[in-house]
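**Q** Next up is a structure, given as structure tokens.
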Amino acid sequence: MADANFDFQKFINDSRDVLIKPKEYYTRMEKTGGIAEPIIKALIYGTAAGIISFLWAVLGIGVIGSFGSAALGGGIGIMTLIGSVIGSVIALFIGGLVILVISAICSGSTDFEHNVRICASTMVLYPVGAILGVLNVLGMTGFYIEAVLSLAVKLYGLWLLYNALVHSLNGKENVARILSIIFAVIPVLLLISTLTCSRIAKSSLDNFSKGGQKNSEDIQKSIDQLNKLMK
């Protein structure tokens, strides 16, 4: 297992190409070179996502609140940052195994390092997800917009995986396409279900509020009539 010096400029270029030109990137992506590079990539992406969440915890809770709230925000932020860094490495290897299984179904490469490298490249979406989370908490996106944006990130992740399966892992394109469609249907159905339940709950709450208001008006009328009788 050969390890090379990590090229940060190459990392920036690769991250850009994964997001903008996934087909071109996965066609030329290195399949070997040591496990250190994908681990460093995962750590960078996980740290970036953790820092975004950390800053929100400190600024969102700490700056607006009191000194005690600042300490609380900092504590939560540090735990989130540490969890994001450690979790990124764990997710790298678990994700690598999952992609390996999917690649095997598509008759693609089952080399563990190759699949781990694919997983590391898709983790470029970690910071993107963290930014969307912060925008939602800040109230800059509504519930429906946030749900759609979250779905878009998931679907784009599947698009990256499809390109990786076909252009890097050399899996069968028709099988990869079918699996990608199946994987895409699941979050779409979950989103539809969530939005439907949210709409039903909102409608029920509105009806309850209207009913409560009507009951209050009836009670007030009864009190007024009782006062007239007493007079």
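Ligands are numbered from 1 in the order shown, chains are lettered A, B, ... in the order of the structure tokens, and residues start at 1 in each chain.
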Tell me, as a PyMOL selection string, which residues lie within 12 Å of A:Leu190, counting only C-alpha atoms; anything in the same chain fewer than 4 positions away does not count.
**A** chain A and resi 147-148+150-151+183-186+194-197
**Q** Please report, as JSON lines, each residue of stretch 17-43 of chain A lying at most 9 Å from stretch 99-115 of chain A, together with the nearest pair of atoms and the separation in Å rounded to one decimal; use only C-alpha atoms, and order rows by chain and ascending residue number.
**A**
```
{"residue": "A:Glu30", "atom": "CA", "partner": "A:His114", "partner_atom": "CA", "distance": 8.3}
{"residue": "A:Lys31", "atom": "CA", "partner": "A:His114", "partner_atom": "CA", "distance": 5.0}
{"residue": "A:Thr32", "atom": "CA", "partner": "A:His114", "partner_atom": "CA", "distance": 6.3}
{"residue": "A:Gly33", "atom": "CA", "partner": "A:Glu113", "partner_atom": "CA", "distance": 8.7}
{"residue": "A:Gly34", "atom": "CA", "partner": "A:Glu113", "partner_atom": "CA", "distance": 7.5}
{"residue": "A:Ile35", "atom": "CA", "partner": "A:Glu113", "partner_atom": "CA", "distance": 6.5}
{"residue": "A:Pro38", "atom": "CA", "partner": "A:Glu113", "partner_atom": "CA", "distance": 8.8}
```
**Q** Those residues with N, CA and C atoms, as an mmCIF file, in the first residue's frame please?
**A**
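Okay, this is what ended up in result19.cif:
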```cif
data_model
loop_
_atom_site.group_PDB
_atom_site.id
_atom_site.type_symbol
_atom_site.label_atom_id
_atom_site.label_comp_id
_atom_site.auth_asym_id
_atom_site.auth_seq_id
_atom_site.Cartn_x
_atom_site.Cartn_y
_atom_site.Cartn_z
ATOM 1 N N GLU A 30 -7.911 8.162 -9.949
ATOM 2 C CA GLU A 30 -6.947 7.133 -9.573
ATOM 3 C C GLU A 30 -7.638 6.054 -8.757
ATOM 4 N N LYS A 31 -7.370 4.797 -9.113
ATOM 5 C CA LYS A 31 -8.020 3.679 -8.435
ATOM 6 C C LYS A 31 -7.177 3.131 -7.293
ATOM 7 N N THR A 32 -5.910 3.448 -7.287
ATOM 8 C CA THR A 32 -4.998 2.986 -6.239
ATOM 9 C C THR A 32 -4.101 4.147 -5.808
ATOM 10 N N GLY A 33 -3.240 3.874 -4.823
ATOM 11 C CA GLY A 33 -2.316 4.907 -4.364
ATOM 12 C C GLY A 33 -2.235 4.971 -2.856
ATOM 13 N N GLY A 34 -2.924 4.060 -2.184
ATOM 14 C CA GLY A 34 -2.874 4.059 -0.732
ATOM 15 C C GLY A 34 -4.156 4.544 -0.111
ATOM 16 N N ILE A 35 -4.395 4.125 1.105
ATOM 17 C CA ILE A 35 -5.629 4.448 1.805
ATOM 18 C C ILE A 35 -5.558 5.798 2.512
ATOM 19 N N PRO A 38 -7.757 8.904 0.688
ATOM 20 C CA PRO A 38 -9.205 8.996 0.971
ATOM 21 C C PRO A 38 -9.518 9.311 2.431
#
```
